[in-house]
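Data block below; observations after.
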Amino acid sequence: MSSAQDPFYIVKEEIQDSIDKLLSTFHQWERIPSDTGEQVDLTKELLAGCESIEWQVDELDKAISVAARDPAWYGINDVELEKRRRWTSNARTQVGTMKKTVVAGKELKSTSTNDVNGMRRELMRLPNSHQADRSNQYRSQDNDDFISSESDRQLLLIKQQDEELDELSASVERIGGVGLTIHEELLAHEKIIDDLGMEMDTTSNRLDFVQKKVAMVMKKAGAKGQIMMILFLVVLFIVLFVMVFFT
């Protein structure tokens, strides 16, 4: 399966796009002075984005673990599995570093009267307003897309297996037909051999009969008769030789 059709690379591309957008927001957050409403909004947006991406990476890791149980079924190998694990690990590290930087920078820059623990809880809490709804919507949509892609992949594999089974069945039928043809030919040859054996037996019996008759005639004719027969055969041979080569 090509990378364009692999559900992993489809989800990976979506997550990478989210990371790139989050990095752009992060760089914008770095340039904004502290103690401003815009920075607080960007901080919440960054933390929510980090949480969403971490959840998607975790789900992708689960899918990789499932594929690792039987790589051949999913058409991948150990090298590809390691490559995918390395990418998810790097993505998690990148997002985690960004998240820690945002939290640490906010704690250092903030001049709020709340204590540090309260501030940390506020920064780490996901927004429960429209942004939270939108984040949950993205999560659900990403999950549905991944499940749909995986389902399409399973259906494609089942279809390919059905086609292979049909081809195998056709091959078995062809081999069976060839086997029947060979069997019929062997039976025909066996019959021919039996007929030839019967003819040879008949010819052998006739030859024995002729030999016995000749021996009987030679015995009755005596020595003089044998000489006369030999002379007759010689003359007959000469006549036949002349007829064959001079006519």
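Here's how to read the names in the structure tokens: chain A, B, ... by the order shown, residue numbers from 1 in each chain, ligand numbers from 1 in the order shown.
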For segment 92-104 of chain A, please output as an NGL selection string all residues within 7 Å (counting only C-alpha atoms; exclusion window: fewer than 5 positions along the same chain).
-> :A and (43 or 47 or 50 or 54 or 57 or 123)
Neighbour list for segment 75-79 of chain A as a PyMOL selection string, cut-off 10 Å, only C-alpha atoms, skip fewer than 5 positions in-chain = chain A and resi 1+6+67-68+70+84-85+157
Please produce a file of the residues just selected, as a PDB file, in the first residue's frame, where the atoms kept are N, CA and C atoms.
ATOM      1  N   MET A   1       0.849  -1.198   0.000  1.00  0.00           N
ATOM      2  CA  MET A   1       0.000   0.000   0.000  1.00  0.00           C
ATOM      3  C   MET A   1       0.877   1.238   0.000  1.00  0.00           C
ATOM      4  N   ASP A   6      -2.191   4.872   2.989  1.00  0.00           N
ATOM      5  CA  ASP A   6      -2.007   4.336   4.333  1.00  0.00           C
ATOM      6  C   ASP A   6      -2.661   5.259   5.353  1.00  0.00           C
ATOM      7  N   ALA A  67      -0.940  -2.804  14.977  1.00  0.00           N
ATOM      8  CA  ALA A  67      -0.289  -3.274  13.745  1.00  0.00           C
ATOM      9  C   ALA A  67       0.940  -4.113  14.054  1.00  0.00           C
ATOM     10  N   ALA A  68       1.624  -3.840  15.186  1.00  0.00           N
ATOM     11  CA  ALA A  68       2.836  -4.573  15.542  1.00  0.00           C
ATOM     12  C   ALA A  68       2.544  -6.031  15.891  1.00  0.00           C
ATOM     13  N   ASP A  70       0.675  -8.106  14.187  1.00  0.00           N
ATOM     14  CA  ASP A  70       0.712  -8.890  12.948  1.00  0.00           C
ATOM     15  C   ASP A  70       1.055  -7.955  11.784  1.00  0.00           C
ATOM     16  N   ARG A  84       7.691   4.571  12.415  1.00  0.00           N
ATOM     17  CA  ARG A  84       6.465   5.207  12.898  1.00  0.00           C
ATOM     18  C   ARG A  84       6.559   5.508  14.385  1.00  0.00           C
ATOM     19  N   ARG A  85       7.125   4.579  15.164  1.00  0.00           N
ATOM     20  CA  ARG A  85       7.285   4.837  16.597  1.00  0.00           C
ATOM     21  C   ARG A  85       8.217   6.027  16.834  1.00  0.00           C
ATOM     22  N   LEU A 157      -8.480  -5.095   2.108  1.00  0.00           N
ATOM     23  CA  LEU A 157      -7.738  -6.339   2.317  1.00  0.00           C
ATOM     24  C   LEU A 157      -8.638  -7.554   2.112  1.00  0.00           C
TER      25      LEU A 157
END
